[in-house]
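Participant: Sharing input_34.cif here; it has mmCIF, C-alpha atoms.
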data_model
#
loop_
_atom_site.label_atom_id
_atom_site.label_comp_id
_atom_site.auth_asym_id
_atom_site.auth_seq_id
_atom_site.Cartn_x
_atom_site.Cartn_y
_atom_site.Cartn_z
CA MET A 706 0.00 0.00 0.00
CA PRO A 707 2.65 2.63 0.84
CA ARG A 708 4.39 1.91 -2.42
CA LEU A 709 1.12 2.30 -4.32
CA GLU A 710 0.45 5.67 -2.63
CA GLU A 711 3.95 6.88 -3.41
CA HIS A 712 3.43 5.85 -7.01
CA CYS A 713 0.17 7.77 -7.18
CA TRP A 714 1.73 10.89 -5.68
CA SER A 715 4.60 10.80 -8.11
CA CYS A 716 2.31 10.34 -11.06
CA SER A 717 0.01 13.20 -10.06
CA CYS A 718 2.80 15.71 -9.30
CA ALA A 719 4.88 15.19 -12.45
CA PRO A 720 2.48 16.90 -14.89
CA ARG A 721 2.19 19.87 -12.56
CA VAL A 722 5.97 20.30 -12.42
CA GLU A 723 6.27 19.97 -16.20
CA THR A 724 3.46 22.48 -16.69
CA LYS A 725 5.14 24.91 -14.32
CA HIS A 726 8.49 24.64 -16.10
CA SER A 727 6.79 24.96 -19.49
CA SER A 728 4.90 28.12 -18.52
CA GLY A 729 8.11 29.63 -17.08
CA ALA A 730 10.01 28.91 -20.27
CA ASN A 731 7.23 30.44 -22.37
CA TRP A 732 7.25 33.55 -20.17
CA LEU A 733 11.02 33.93 -20.53
CA ALA A 734 10.78 33.45 -24.28
CA SER A 735 8.06 36.06 -24.59
CA LYS A 736 10.05 38.53 -22.46
CA ALA A 737 13.18 37.90 -24.49
CA GLU A 738 11.28 38.42 -27.72
CA GLU A 739 9.78 41.63 -26.34
CA MET A 740 13.22 42.92 -25.33
CA MET A 741 14.64 42.07 -28.75
CA SER A 742 11.82 43.93 -30.45
CA ILE A 743 12.43 46.96 -28.22
CA ILE A 744 16.18 46.91 -28.92
CA THR A 745 15.57 46.53 -32.67
CA SER A 746 13.13 49.44 -32.63
CA VAL A 747 15.56 51.65 -30.70
CA LEU A 748 18.45 50.80 -33.03
CA SER A 749 16.35 51.41 -36.14
CA ASN A 750 15.17 54.77 -34.79
CA ALA A 751 18.73 55.72 -33.88
CA TYR A 752 19.98 54.75 -37.32
CA GLY A 753 17.17 56.69 -38.97
CA SER A 754 17.89 59.80 -36.92
CA LEU A 755 21.63 59.48 -37.59
CA HIS A 756 20.94 59.09 -41.31
CA ASP A 757 18.72 62.19 -41.21
CA VAL A 758 21.42 64.16 -39.41
CA ARG A 759 24.06 63.11 -41.95
CA THR A 760 21.76 63.98 -44.84
CA ALA A 761 20.96 67.39 -43.38
CA ASN A 762 24.67 68.03 -42.74
CA LEU A 763 25.51 67.02 -46.31
CA ILE A 764 22.85 69.37 -47.69
CA ARG A 765 24.11 72.26 -45.55
CA ARG A 766 27.69 71.73 -46.66
CA GLY A 767 26.59 71.53 -50.29
CA LEU A 768 24.65 74.80 -50.01
CA VAL A 769 27.60 76.58 -48.43
CA LEU A 770 29.97 75.32 -51.13
CA PHE A 771 27.49 76.25 -53.87
CA THR A 772 27.18 79.79 -52.48
CA VAL A 773 30.95 80.24 -52.19
CA GLY A 774 31.55 78.88 -55.69
CA ALA A 775 28.83 81.01 -57.27
CA PHE A 776 30.07 84.18 -55.54
CA LEU A 777 33.71 83.62 -56.51
CA ALA A 778 32.70 82.81 -60.08
CA LEU A 779 30.63 85.99 -60.36
CA VAL A 780 33.40 88.24 -59.02
CA LEU A 781 36.24 86.65 -61.00
CA ASN A 782 34.22 86.50 -64.21
CA LEU A 783 33.39 90.20 -63.95
CA LEU A 784 37.09 90.88 -63.45
CA GLN A 785 37.94 89.01 -66.65
CA ILE A 786 35.19 90.81 -68.56
CA GLN A 787 36.48 94.21 -67.41
CA ARG A 788 40.00 93.28 -68.50
CA HIS A 789 38.65 91.99 -71.85
CA VAL A 790 40.00 88.51 -71.27
CA THR A 791 36.61 86.97 -72.07
CA LEU A 792 34.17 88.34 -74.63
CA PHE A 793 30.41 87.75 -74.67
CA PRO A 794 27.88 88.62 -77.38
CA GLU A 795 26.54 92.17 -77.12
CA GLU A 796 22.93 91.05 -76.77
CA VAL A 797 23.66 89.35 -73.43
CA MET A 798 25.64 92.26 -71.97
CA THR A 799 22.70 94.58 -71.25
CA THR A 800 22.89 94.24 -67.47
CA LEU A 801 25.36 93.07 -64.88
CA PHE A 802 23.66 89.75 -64.14
CA SER A 803 22.40 88.92 -67.62
CA SER A 804 26.00 88.73 -68.78
CA ALA A 805 26.88 85.07 -68.37
CA TRP A 806 24.14 84.48 -65.80
CA TRP A 807 24.76 80.74 -66.15
CA ILE A 808 28.37 80.89 -64.95
CA PRO A 809 27.69 81.32 -61.18
CA PRO A 810 25.20 78.38 -61.01
CA CYS A 811 27.53 76.13 -63.01
CA CYS A 812 30.57 77.04 -60.94
CA GLY A 813 28.54 76.76 -57.73
CA THR A 814 27.42 73.26 -58.66
CA GLY A 815 30.99 72.28 -59.53
CA ALA A 816 32.25 73.73 -56.24
CA ALA A 817 29.64 71.74 -54.29
CA VAL A 818 30.58 68.50 -56.05
CA VAL A 819 34.34 68.99 -55.64
CA GLY A 820 34.06 70.23 -52.06
CA LEU A 821 32.00 67.19 -51.05
CA LEU A 822 34.28 64.78 -52.90
CA TYR A 823 37.46 65.84 -51.10
CA PRO A 824 36.53 64.57 -47.58
CA CYS A 825 34.87 61.49 -49.10
CA LEU A 826 38.05 60.66 -51.00
CA ASP A 827 40.14 61.20 -47.87
CA SER A 828 37.90 58.79 -45.96
CA HIS A 829 37.93 56.24 -48.79
CA LEU A 830 41.74 56.25 -48.99
CA GLY A 831 42.04 56.02 -45.24
CA GLU A 832 44.31 59.07 -45.18
CA PRO A 833 42.58 61.83 -43.21
CA HIS A 834 43.90 65.23 -44.15
CA LYS A 835 45.51 66.88 -41.12
CA PHE A 836 47.68 69.57 -42.69
CA LYS A 837 46.69 73.08 -41.58
CA ARG A 838 43.14 72.20 -40.62
CA GLU A 839 41.87 75.60 -39.49
CA TRP A 840 39.63 78.30 -40.92
CA ALA A 841 42.45 80.87 -40.88
CA SER A 842 44.41 78.68 -43.29
CA VAL A 843 41.32 78.22 -45.48
CA MET A 844 40.79 81.98 -45.69
CA ARG A 845 44.44 82.49 -46.66
CA CYS A 846 44.02 79.83 -49.35
CA ILE A 847 40.99 81.69 -50.76
CA ALA A 848 42.98 84.93 -50.77
CA VAL A 849 45.85 83.29 -52.68
CA PHE A 850 43.39 81.79 -55.18
CA VAL A 851 41.84 85.22 -55.81
CA GLY A 852 45.36 86.62 -56.19
CA ILE A 853 46.22 84.00 -58.82
CA ASN A 854 43.08 84.92 -60.76
CA HIS A 855 43.94 88.59 -60.47
CA ALA A 856 47.45 87.88 -61.73
CA SER A 857 46.06 86.07 -64.78
CA VAL A 858 44.49 89.32 -66.03
CA LYS A 859 46.98 91.82 -64.63
CA LEU A 860 50.42 90.41 -65.42
CA ASP A 861 51.89 91.31 -68.80
CA PHE A 862 54.29 88.88 -70.45
CA ASP A 863 55.67 88.64 -73.95
CA ASN A 864 53.57 85.55 -74.61
CA ASN A 865 50.95 83.38 -72.93
CA VAL A 866 53.42 80.54 -72.35
CA GLN A 867 55.42 82.57 -69.83
CA LEU A 868 52.21 83.62 -68.08
CA SER A 869 50.99 80.02 -68.03
CA LEU A 870 54.24 78.76 -66.50
CA THR A 871 54.11 81.48 -63.86
CA LEU A 872 50.50 80.65 -62.93
CA ALA A 873 51.32 76.94 -62.92
CA ALA A 874 54.09 77.57 -60.40
CA LEU A 875 51.75 79.69 -58.28
CA SER A 876 49.05 77.00 -58.39
CA LEU A 877 51.49 74.28 -57.34
CA GLY A 878 52.71 76.58 -54.59
CA LEU A 879 49.13 76.99 -53.38
CA TRP A 880 48.71 73.21 -53.25
CA TRP A 881 52.02 72.72 -51.45
CA THR A 882 51.27 75.48 -48.94
CA PHE A 883 47.69 74.57 -48.04
CA ASP A 884 47.19 70.90 -49.02
CA ARG A 885 50.16 68.59 -49.74
CA SER A 886 47.92 65.52 -50.07
CA ARG A 887 47.92 63.04 -52.94
CA SER A 888 44.13 63.04 -53.05
CA GLY A 889 44.08 66.83 -53.26
CA PHE A 890 46.61 66.88 -56.08
CA GLY A 891 44.83 64.13 -58.03
CA LEU A 892 41.40 65.65 -57.63
CA GLY A 893 42.78 69.07 -58.52
CA ILE A 894 44.24 67.71 -61.77
CA THR A 895 40.95 65.95 -62.55
CA THR A 896 39.00 69.15 -61.89
CA ALA A 897 41.35 71.14 -64.12
CA VAL A 898 41.05 68.69 -67.03
CA LEU A 899 37.26 68.31 -66.90
CA ALA A 900 36.59 72.02 -66.40
CA THR A 901 38.95 72.97 -69.24
CA VAL A 902 37.29 70.52 -71.63
CA PHE A 903 33.85 71.85 -70.65
CA THR A 904 35.01 75.44 -71.25
CA GLN A 905 36.47 74.50 -74.62
CA LEU A 906 33.13 73.00 -75.65
CA LEU A 907 31.33 76.20 -74.66
CA VAL A 908 33.75 78.36 -76.63
CA TYR A 909 33.58 76.00 -79.60
CA ASN A 910 29.79 76.34 -79.66
CA GLY A 911 30.03 80.13 -79.62
CA VAL A 912 28.67 80.76 -76.13
CA TYR A 913 31.57 83.12 -75.48
CA GLN A 914 35.23 83.46 -76.44
CA TYR A 915 38.68 84.35 -75.16
CA THR A 916 40.93 87.04 -76.54
CA SER A 917 44.26 85.71 -77.84
CA PRO A 918 43.44 82.00 -77.43
CA ASP A 919 46.50 79.76 -77.61
CA PHE A 920 45.23 76.40 -76.33
CA LEU A 921 42.29 74.97 -78.28
CA TYR A 922 40.05 78.07 -78.20
CA VAL A 923 41.03 79.08 -74.63
CA ARG A 924 44.03 80.49 -72.77
CA SER A 925 46.76 78.05 -71.84
CA TRP A 926 46.73 79.23 -68.22
CA LEU A 927 43.08 78.28 -67.70
CA PRO A 928 43.84 74.76 -66.31
CA CYS A 929 46.03 76.40 -63.65
CA ILE A 930 43.07 78.49 -62.51
CA PHE A 931 40.82 75.44 -62.33
CA PHE A 932 43.48 73.45 -60.47
CA SER A 933 43.96 76.11 -57.81
CA GLY A 934 40.19 76.57 -57.59
CA GLY A 935 39.72 72.83 -57.01
CA VAL A 936 42.30 72.81 -54.22
CA THR A 937 40.71 75.87 -52.61
CA VAL A 938 37.18 74.48 -52.71
CA GLY A 939 38.50 71.14 -51.47
CA ASN A 940 40.00 72.79 -48.40
CA ILE A 941 36.69 74.53 -47.71
CA GLY A 942 34.84 71.22 -48.04
CA ARG A 943 37.26 69.47 -45.69
CA GLN A 944 36.90 72.16 -43.07
CA LEU A 945 33.11 72.07 -43.31
CA ALA A 946 33.22 68.30 -42.89
CA MET A 947 34.99 68.82 -39.57
CA GLY A 948 32.06 70.84 -38.31
CA GLY A 949 34.07 74.04 -38.00
CA VAL A 950 36.13 72.77 -35.06
CA GLU A 951 39.56 74.31 -35.11
CA LYS A 952 42.52 72.07 -34.48
CA PRO A 953 46.22 72.83 -34.35
CA HIS A 954 47.74 72.31 -37.75
CA MET A 955 50.65 70.01 -38.50
CA ASP A 956 53.49 71.40 -40.58
#
Written as structure tokens, how would this file's structure read?

Facilitator:
Amino acid sequence: MPRLEEHCWSCSCAPRVETKHSSGANWLASKAEEMMSIITSVLSNAYGSLHDVRTANLIRRGLVLFTVGAFLALVLNLLQIQRHVTLFPEEVMTTLFSSAWWIPPCCGTGAAVVGLLYPCLDSHLGEPHKFKREWASVMRCIAVFVGINHASVKLDFDNNVQLSLTLAALSLGLWWTFDRSRSGFGLGITTAVLATVFTQLLVYNGVYQYTSPDFLYVRSWLPCIFFSGGVTVGNIGRQLAMGGVEKPHMD
């Protein structure tokens, strides 16, 4: 009899223990699933907000670069028109802004593209640019770039070759003084080539023309201007990518 009672007790208690363990395991599984869903939701929201912040930052940098490029293009183009380096048809010269109105938007777009490419290329190559990373250096670079443009219309040489060699030396000096990176040099050369070809196509189609052309409808010093402009805009883009935080430069 005692053995039979023990057998009955064991048989009746086993299902209850199994049911208790089963319900506890189900509760833990549900809680774990709930926690995973919460963590996934938080991570997705964080990623979405981070993506929105990066997108907004990219748009702001692009707008700043576009504005700087358009302003510099307007000022430097008017300087070349006054010095009769570039000639436009008389029908488009009625007002200040109708003369080559398309140049500031085109140059602004190019400045935005180049300025955004510089920090991306630095990140892709794994070589962050640390040489003279400060706004004071960027402003000096802009001043030198404007000076090179001013020299292109002010300096008088016997021929355009001497002027081109002088501007080429100044442009390389600008790169060496404010950049010294392989990515900056390569992207500056690419900018100079593409911009020169685009300008030659415009001149070839009669949109405007250069006085005394000596290099396929344009001046031979024009690639030097585009090279120095690419380096200058690249430095602005790099500084904007840092968020405006000044850091001690490395010579």

Participant: Applied to the shown file, which residues does the PyMOL selection byres ((chain A and resi 889) around 9) return, written as a count of residues only?

Facilitator: 18

Participant: Taking all atoms listed in the file into account, name the residue in A:Lys859, A:Arg845, A:Arg765, A:Arg838 that is nearest to Thr937 (chain A).

Facilitator: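 Nearest to Thr937 (chain A): A:Arg845.
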
Participant: Which polymer residues, protein or nucleic acid, are no farther than 12 Å from (29.0, 75.6, -46.7), counting only C-alpha atoms, as a PyMOL selection string?

Facilitator: chain A and resi 761-775+813+816-818+820-821+938-949

Participant: Nearest residue to Met844 (chain A) out of A:Pro918, A:Val866, A:Phe883, A:Gly878, using all atoms listed in the file?

Facilitator: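 Comparing A:Pro918, A:Val866, A:Phe883, A:Gly878 against Met844 (chain A), the winner is A:Phe883.
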
Participant: Since I can't run it myself right now, could you work out what the PyMOL selection byres ((chain A and resi 850) around 12) selects here and report it as a ChimeraX atom specification?

Facilitator: /A:777-778,781,843-849,851-857,872,875-880,882-883,929-938,940

Participant: CA of Pro824 (chain A) and CA of Asn782 (chain A) are how many Å apart?

Facilitator: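 Going from CA of Pro824 (chain A) over to CA of Asn782 (chain A) covers 27.6 Å.
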
Participant: Output requested as a PDB file, in the coordinates of the input - region 937-948 of chain A, filled out with all heavy atoms.

Facilitator:
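Written out: selection-v2.pdb:
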ATOM      1  N   THR A 937      41.318  74.926 -53.555  1.00  0.00           N
ATOM      2  CA  THR A 937      40.710  75.870 -52.610  1.00  0.00           C
ATOM      3  C   THR A 937      39.347  75.377 -52.136  1.00  0.00           C
ATOM      4  O   THR A 937      39.052  75.366 -50.935  1.00  0.00           O
ATOM      5  CB  THR A 937      40.571  77.251 -53.263  1.00  0.00           C
ATOM      6  OG1 THR A 937      41.861  77.719 -53.679  1.00  0.00           O
ATOM      7  CG2 THR A 937      39.967  78.254 -52.303  1.00  0.00           C
ATOM      8  N   VAL A 938      38.501  74.983 -53.080  1.00  0.00           N
ATOM      9  CA  VAL A 938      37.180  74.480 -52.710  1.00  0.00           C
ATOM     10  C   VAL A 938      37.291  73.190 -51.900  1.00  0.00           C
ATOM     11  O   VAL A 938      36.505  72.948 -50.977  1.00  0.00           O
ATOM     12  CB  VAL A 938      36.336  74.260 -53.989  1.00  0.00           C
ATOM     13  CG1 VAL A 938      35.038  73.550 -53.665  1.00  0.00           C
ATOM     14  CG2 VAL A 938      36.042  75.590 -54.668  1.00  0.00           C
ATOM     15  N   GLY A 939      38.285  72.362 -52.235  1.00  0.00           N
ATOM     16  CA  GLY A 939      38.500  71.140 -51.470  1.00  0.00           C
ATOM     17  C   GLY A 939      38.837  71.418 -50.020  1.00  0.00           C
ATOM     18  O   GLY A 939      38.350  70.728 -49.104  1.00  0.00           O
ATOM     19  N   ASN A 940      39.664  72.427 -49.777  1.00  0.00           N
ATOM     20  CA  ASN A 940      40.000  72.790 -48.400  1.00  0.00           C
ATOM     21  C   ASN A 940      38.775  73.306 -47.648  1.00  0.00           C
ATOM     22  O   ASN A 940      38.601  73.028 -46.450  1.00  0.00           O
ATOM     23  CB  ASN A 940      41.110  73.838 -48.375  1.00  0.00           C
ATOM     24  CG  ASN A 940      42.472  73.227 -48.634  1.00  0.00           C
ATOM     25  OD1 ASN A 940      42.693  72.048 -48.408  1.00  0.00           O
ATOM     26  ND2 ASN A 940      43.391  74.030 -49.132  1.00  0.00           N
ATOM     27  N   ILE A 941      37.930  74.058 -48.339  1.00  0.00           N
ATOM     28  CA  ILE A 941      36.690  74.530 -47.710  1.00  0.00           C
ATOM     29  C   ILE A 941      35.800  73.339 -47.357  1.00  0.00           C
ATOM     30  O   ILE A 941      35.227  73.266 -46.261  1.00  0.00           O
ATOM     31  CB  ILE A 941      35.950  75.507 -48.637  1.00  0.00           C
ATOM     32  CG1 ILE A 941      36.806  76.753 -48.899  1.00  0.00           C
ATOM     33  CG2 ILE A 941      34.617  75.914 -48.027  1.00  0.00           C
ATOM     34  CD1 ILE A 941      36.209  77.693 -49.919  1.00  0.00           C
ATOM     35  N   GLY A 942      35.663  72.398 -48.295  1.00  0.00           N
ATOM     36  CA  GLY A 942      34.840  71.220 -48.040  1.00  0.00           C
ATOM     37  C   GLY A 942      35.371  70.381 -46.893  1.00  0.00           C
ATOM     38  O   GLY A 942      34.592  69.866 -46.081  1.00  0.00           O
ATOM     39  N   ARG A 943      36.674  70.231 -46.797  1.00  0.00           N
ATOM     40  CA  ARG A 943      37.260  69.470 -45.690  1.00  0.00           C
ATOM     41  C   ARG A 943      36.996  70.141 -44.350  1.00  0.00           C
ATOM     42  O   ARG A 943      36.681  69.488 -43.355  1.00  0.00           O
ATOM     43  CB  ARG A 943      38.766  69.328 -45.906  1.00  0.00           C
ATOM     44  CG  ARG A 943      39.156  68.295 -46.950  1.00  0.00           C
ATOM     45  CD  ARG A 943      40.590  68.460 -47.349  1.00  0.00           C
ATOM     46  NE  ARG A 943      41.093  67.327 -48.123  1.00  0.00           N
ATOM     47  CZ  ARG A 943      42.211  67.340 -48.816  1.00  0.00           C
ATOM     48  NH1 ARG A 943      42.955  68.439 -48.833  1.00  0.00           N
ATOM     49  NH2 ARG A 943      42.605  66.268 -49.492  1.00  0.00           N
ATOM     50  N   GLN A 944      37.120  71.456 -44.330  1.00  0.00           N
ATOM     51  CA  GLN A 944      36.900  72.160 -43.070  1.00  0.00           C
ATOM     52  C   GLN A 944      35.435  72.104 -42.659  1.00  0.00           C
ATOM     53  O   GLN A 944      35.118  71.974 -41.471  1.00  0.00           O
ATOM     54  CB  GLN A 944      37.358  73.620 -43.213  1.00  0.00           C
ATOM     55  CG  GLN A 944      37.517  74.352 -41.904  1.00  0.00           C
ATOM     56  CD  GLN A 944      38.628  73.767 -41.051  1.00  0.00           C
ATOM     57  OE1 GLN A 944      39.582  73.185 -41.563  1.00  0.00           O
ATOM     58  NE2 GLN A 944      38.508  73.931 -39.748  1.00  0.00           N
ATOM     59  N   LEU A 945      34.538  72.202 -43.622  1.00  0.00           N
ATOM     60  CA  LEU A 945      33.110  72.070 -43.310  1.00  0.00           C
ATOM     61  C   LEU A 945      32.788  70.680 -42.804  1.00  0.00           C
ATOM     62  O   LEU A 945      31.915  70.510 -41.946  1.00  0.00           O
ATOM     63  CB  LEU A 945      32.271  72.387 -44.556  1.00  0.00           C
ATOM     64  CG  LEU A 945      32.241  73.846 -45.017  1.00  0.00           C
ATOM     65  CD1 LEU A 945      31.515  73.958 -46.342  1.00  0.00           C
ATOM     66  CD2 LEU A 945      31.579  74.726 -43.971  1.00  0.00           C
ATOM     67  N   ALA A 946      33.466  69.669 -43.343  1.00  0.00           N
ATOM     68  CA  ALA A 946      33.220  68.300 -42.890  1.00  0.00           C
ATOM     69  C   ALA A 946      33.641  68.088 -41.445  1.00  0.00           C
ATOM     70  O   ALA A 946      33.124  67.199 -40.765  1.00  0.00           O
ATOM     71  CB  ALA A 946      33.963  67.307 -43.789  1.00  0.00           C
ATOM     72  N   MET A 947      34.570  68.906 -40.967  1.00  0.00           N
ATOM     73  CA  MET A 947      34.990  68.820 -39.570  1.00  0.00           C
ATOM     74  C   MET A 947      34.001  69.478 -38.628  1.00  0.00           C
ATOM     75  O   MET A 947      34.127  69.363 -37.411  1.00  0.00           O
ATOM     76  CB  MET A 947      36.359  69.487 -39.384  1.00  0.00           C
ATOM     77  CG  MET A 947      37.512  68.727 -40.005  1.00  0.00           C
ATOM     78  SD  MET A 947      39.071  69.596 -39.721  1.00  0.00           S
ATOM     79  CE  MET A 947      39.133  69.601 -37.937  1.00  0.00           C
ATOM     80  N   GLY A 948      33.037  70.176 -39.154  1.00  0.00           N
ATOM     81  CA  GLY A 948      32.060  70.840 -38.310  1.00  0.00           C
ATOM     82  C   GLY A 948      32.520  72.182 -37.781  1.00  0.00           C
ATOM     83  O   GLY A 948      31.954  72.731 -36.847  1.00  0.00           O
TER      84      GLY A 948
END
